[in-house]
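Asker: This is the structure, below, for whatever I ask next.
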Amino acid sequence: MKSGVGLGSALHHTMCKTLNSVAMILASATPATVALTLCAAIAYAISATGTQHLRLPVLNTAVWVAWVLHGVTLFLGLWGSESRFGFAPALSMTAWLVGLVYAIEGHVYPNFQKPWATSALGSASVLLALIFPGAVLHANASPWLPLHFVLGISSYGLFGIAVVHAWLMTRAEARIRSAGDAQTGMPILTMERLTFRFVTVGFVLLSATLLAGLIFGNSLYGSGHGWQWNHKTIFAMLSWLTFAVLMIGRTRFGWRGRQAVRVLYAGSGLLLLAYVGSRFVMEVMLGRAL
């Protein structure tokens, strides 16, 4: 009984500490940042909820407006007067990259039905990054550190796009089997090729990110801590190995369909845990930076 009371007290203390931190962060945020964030979230929300009610040009405009405003907030957070980074900016940048790809695909394939969930993710992530902007980067960190982050998060974004494409592909195949409407505005084979092109480029970027962290870890972060075998590193390596198996399986054994999609989901889940999961636990649940 005492252990249950102690756990409840600890959770209450953690929640109060988190709420106080959130209040302090929102109070210190500039009006311009708050305004840009809210406008981006609203534009994303319009594109997410208006799929059945608004005309296609209006939806496409809303997507592009949201993407531009979202990009400005990311730039201010990473290259502003006080550079910060954490799990929420990482998710925000991932959603921004996903939004960019779908905006481009909507231009190339005008009838492509964009998943409303991607815009909803963009709206939620940009607000989350305002509430949890992450830790201030070390004063002696390398000027190349933001580029290192961009490489890593780009791999996140590409694998995220591949996951959404794989989900759309699986849904379309299921509708074909059930004699339903499988029209998505993009041929299934084209979607499959794009999915694994994203996986290939994401794997290359993930490899470059891990290699840069291994070789230049001390100079990048400027904190005297190089490569460490912690939770983040282990999950990142496991995800890299999973994607390597996927690439080999598709090239040598012709993996397709559900078998390939399951491996893609597993690798993406491990990659999500690697950075975003670790930073979430440290920043929100434990209240301190890595």
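Going by the structure tokens order, chains are called A, B, ..., each with residues numbered from 1, while ligands are numbered from 1 in the order shown.
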Per residue of segment 83-103 of chain A within 10 Å of segment 61-70 of chain A, record the nearest atom pair and its distance in Å to one decimal, counting only C-alpha atoms, with rows in chain order and ascending residue number, as JSON lines.
Answerer:
```
{"residue": "A:Ser92", "atom": "CA", "partner": "A:His70", "partner_atom": "CA", "distance": 8.3}
{"residue": "A:Met93", "atom": "CA", "partner": "A:His70", "partner_atom": "CA", "distance": 8.6}
{"residue": "A:Ala95", "atom": "CA", "partner": "A:His70", "partner_atom": "CA", "distance": 9.4}
{"residue": "A:Trp96", "atom": "CA", "partner": "A:Trp67", "partner_atom": "CA", "distance": 6.4}
{"residue": "A:Leu97", "atom": "CA", "partner": "A:Trp67", "partner_atom": "CA", "distance": 8.8}
{"residue": "A:Val98", "atom": "CA", "partner": "A:Trp67", "partner_atom": "CA", "distance": 9.7}
{"residue": "A:Gly99", "atom": "CA", "partner": "A:Trp67", "partner_atom": "CA", "distance": 6.6}
{"residue": "A:Leu100", "atom": "CA", "partner": "A:Trp67", "partner_atom": "CA", "distance": 6.8}
{"residue": "A:Tyr102", "atom": "CA", "partner": "A:Val63", "partner_atom": "CA", "distance": 8.9}
{"residue": "A:Ala103", "atom": "CA", "partner": "A:Val63", "partner_atom": "CA", "distance": 6.7}
```
Asker: So how far away is atom CA of Ser268 of chain A from atom CA of Leu158 of chain A, in Å?
Answerer: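 Atom CA of Ser268 of chain A lies at a distance of 10.1 Å from atom CA of Leu158 of chain A.
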Asker: Contacts of Leu121 of chain A at 9 Å or less, counting only C-alpha atoms, minus same-chain residues fewer than 3 places along, as a tab-separated table (two decimals) with N, CA and C atoms, in the first residue's frame?
Answerer:
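That gives us selection18.tsv:
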```tsv
chain	number	residue	atom	x	y	z
A	44	TYR	N	-2.54	23.66	-40.86
A	44	TYR	CA	-2.52	22.20	-40.90
A	44	TYR	C	-3.91	21.63	-40.58
A	92	SER	N	8.78	17.50	-34.77
A	92	SER	CA	8.29	18.60	-35.59
A	92	SER	C	8.99	18.64	-36.94
A	95	ALA	N	7.72	15.77	-39.10
A	95	ALA	CA	6.41	16.08	-39.68
A	95	ALA	C	6.54	17.10	-40.80
A	116	TRP	N	-5.19	12.45	-44.23
A	116	TRP	CA	-5.49	13.58	-43.33
A	116	TRP	C	-4.63	13.50	-42.07
A	117	ALA	N	-4.19	12.28	-41.72
A	117	ALA	CA	-3.40	12.11	-40.50
A	117	ALA	C	-2.06	12.84	-40.58
A	118	THR	N	-1.49	13.00	-41.78
A	118	THR	CA	-0.21	13.69	-41.89
A	118	THR	C	-0.34	15.16	-41.51
A	124	ALA	N	-0.20	18.87	-34.57
A	124	ALA	CA	0.15	18.48	-33.20
A	124	ALA	C	1.63	18.69	-32.92
A	125	SER	N	2.48	18.38	-33.90
A	125	SER	CA	3.93	18.45	-33.65
A	125	SER	C	4.41	19.88	-33.52
A	126	VAL	N	3.85	20.80	-34.29
A	126	VAL	CA	4.30	22.18	-34.21
A	126	VAL	C	3.90	22.80	-32.87
```
Asker: Report, in Å to a single decimal, how far apart atom CA of Met247 of chain A and atom CA of Phe280 of chain A are.
Answerer: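 Interatomic distance, atom CA of Phe280 of chain A to atom CA of Met247 of chain A: 29.4 Å.
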Asker: So which residues touch segment 197-203 of chain A within 10 Å, counting only C-alpha atoms, skipping near sequence neighbours fewer than 4 positions away, as number ranges by chain?
Answerer: A: 151-163, 165, 191-193, 207-209, 239-241, 243-244, 246-247, 264
Asker: Extract, using only C-alpha atoms, all DNA, RNA and protein residues at most 12 Å from Pro89 of chain A, discarding same-chain residues fewer than 2 positions from it, and format them as a ChimeraX atom specification.
Answerer: /A:70-71,73-78,83-87,91-96,122,124-135,146,149-150,153,275-276,279-280
Asker: Given the selection you just returned, output its residues as a file containing C-alpha atoms, formatted as a PDB file, in the first residue's frame.
Answerer:
```
ATOM      1  CA  HIS A  70       6.243  25.440 -39.865  1.00  0.00           C
ATOM      2  CA  GLY A  71       9.664  25.740 -41.519  1.00  0.00           C
ATOM      3  CA  THR A  73       9.408  28.076 -36.593  1.00  0.00           C
ATOM      4  CA  LEU A  74      11.952  25.268 -37.004  1.00  0.00           C
ATOM      5  CA  PHE A  75      14.583  27.690 -38.280  1.00  0.00           C
ATOM      6  CA  LEU A  76      14.034  30.064 -35.361  1.00  0.00           C
ATOM      7  CA  GLY A  77      14.279  27.193 -32.887  1.00  0.00           C
ATOM      8  CA  LEU A  78      17.455  25.648 -34.286  1.00  0.00           C
ATOM      9  CA  SER A  83      19.426  27.284 -30.231  1.00  0.00           C
ATOM     10  CA  ARG A  84      17.438  24.417 -28.728  1.00  0.00           C
ATOM     11  CA  PHE A  85      16.743  20.836 -29.683  1.00  0.00           C
ATOM     12  CA  GLY A  86      14.909  17.885 -28.188  1.00  0.00           C
ATOM     13  CA  PHE A  87      12.314  15.202 -28.810  1.00  0.00           C
ATOM     14  CA  LEU A  91       9.135  15.170 -34.217  1.00  0.00           C
ATOM     15  CA  SER A  92       8.289  18.602 -35.589  1.00  0.00           C
ATOM     16  CA  MET A  93      11.053  18.457 -38.197  1.00  0.00           C
ATOM     17  CA  THR A  94       9.998  14.932 -39.150  1.00  0.00           C
ATOM     18  CA  ALA A  95       6.408  16.078 -39.682  1.00  0.00           C
ATOM     19  CA  TRP A  96       7.678  19.056 -41.696  1.00  0.00           C
ATOM     20  CA  GLY A 122       1.920  18.444 -38.428  1.00  0.00           C
ATOM     21  CA  ALA A 124       0.147  18.483 -33.199  1.00  0.00           C
ATOM     22  CA  SER A 125       3.930  18.448 -33.655  1.00  0.00           C
ATOM     23  CA  VAL A 126       4.305  22.184 -34.210  1.00  0.00           C
ATOM     24  CA  LEU A 127       2.326  22.867 -31.025  1.00  0.00           C
ATOM     25  CA  LEU A 128       4.300  20.235 -29.112  1.00  0.00           C
ATOM     26  CA  ALA A 129       7.569  21.885 -30.160  1.00  0.00           C
ATOM     27  CA  LEU A 130       6.300  25.184 -28.748  1.00  0.00           C
ATOM     28  CA  ILE A 131       5.544  23.554 -25.393  1.00  0.00           C
ATOM     29  CA  PHE A 132       8.713  21.420 -25.283  1.00  0.00           C
ATOM     30  CA  PRO A 133      11.403  23.290 -27.250  1.00  0.00           C
ATOM     31  CA  GLY A 134      14.176  21.062 -25.914  1.00  0.00           C
ATOM     32  CA  ALA A 135      17.443  21.818 -24.167  1.00  0.00           C
ATOM     33  CA  PRO A 146      22.549  21.537 -36.627  1.00  0.00           C
ATOM     34  CA  PHE A 149      20.637  16.967 -36.538  1.00  0.00           C
ATOM     35  CA  VAL A 150      19.227  17.674 -39.995  1.00  0.00           C
ATOM     36  CA  ILE A 153      15.968  13.886 -38.656  1.00  0.00           C
ATOM     37  CA  TYR A 275      16.199   9.553 -30.154  1.00  0.00           C
ATOM     38  CA  VAL A 276      12.640  10.759 -29.642  1.00  0.00           C
ATOM     39  CA  ARG A 279      14.710  12.433 -25.118  1.00  0.00           C
ATOM     40  CA  PHE A 280      11.027  12.255 -24.132  1.00  0.00           C
TER      41      PHE A 280
END
```
Asker: Measuring atom to atom with only C-alpha atoms, identify which of A:Ala120, A:Pro31, A:Val136, A:Val263 is nearest to Ala45 of chain A.
Answerer: A:Ala120
Asker: Of the residues A:Thr195, A:Thr242, A:Thr190, A:Thr49, which is the one nearest to Ser123 of chain A, using only C-alpha atoms?
Answerer: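 Using only C-alpha atoms, Ser123 of chain A sits closest to A:Thr49.
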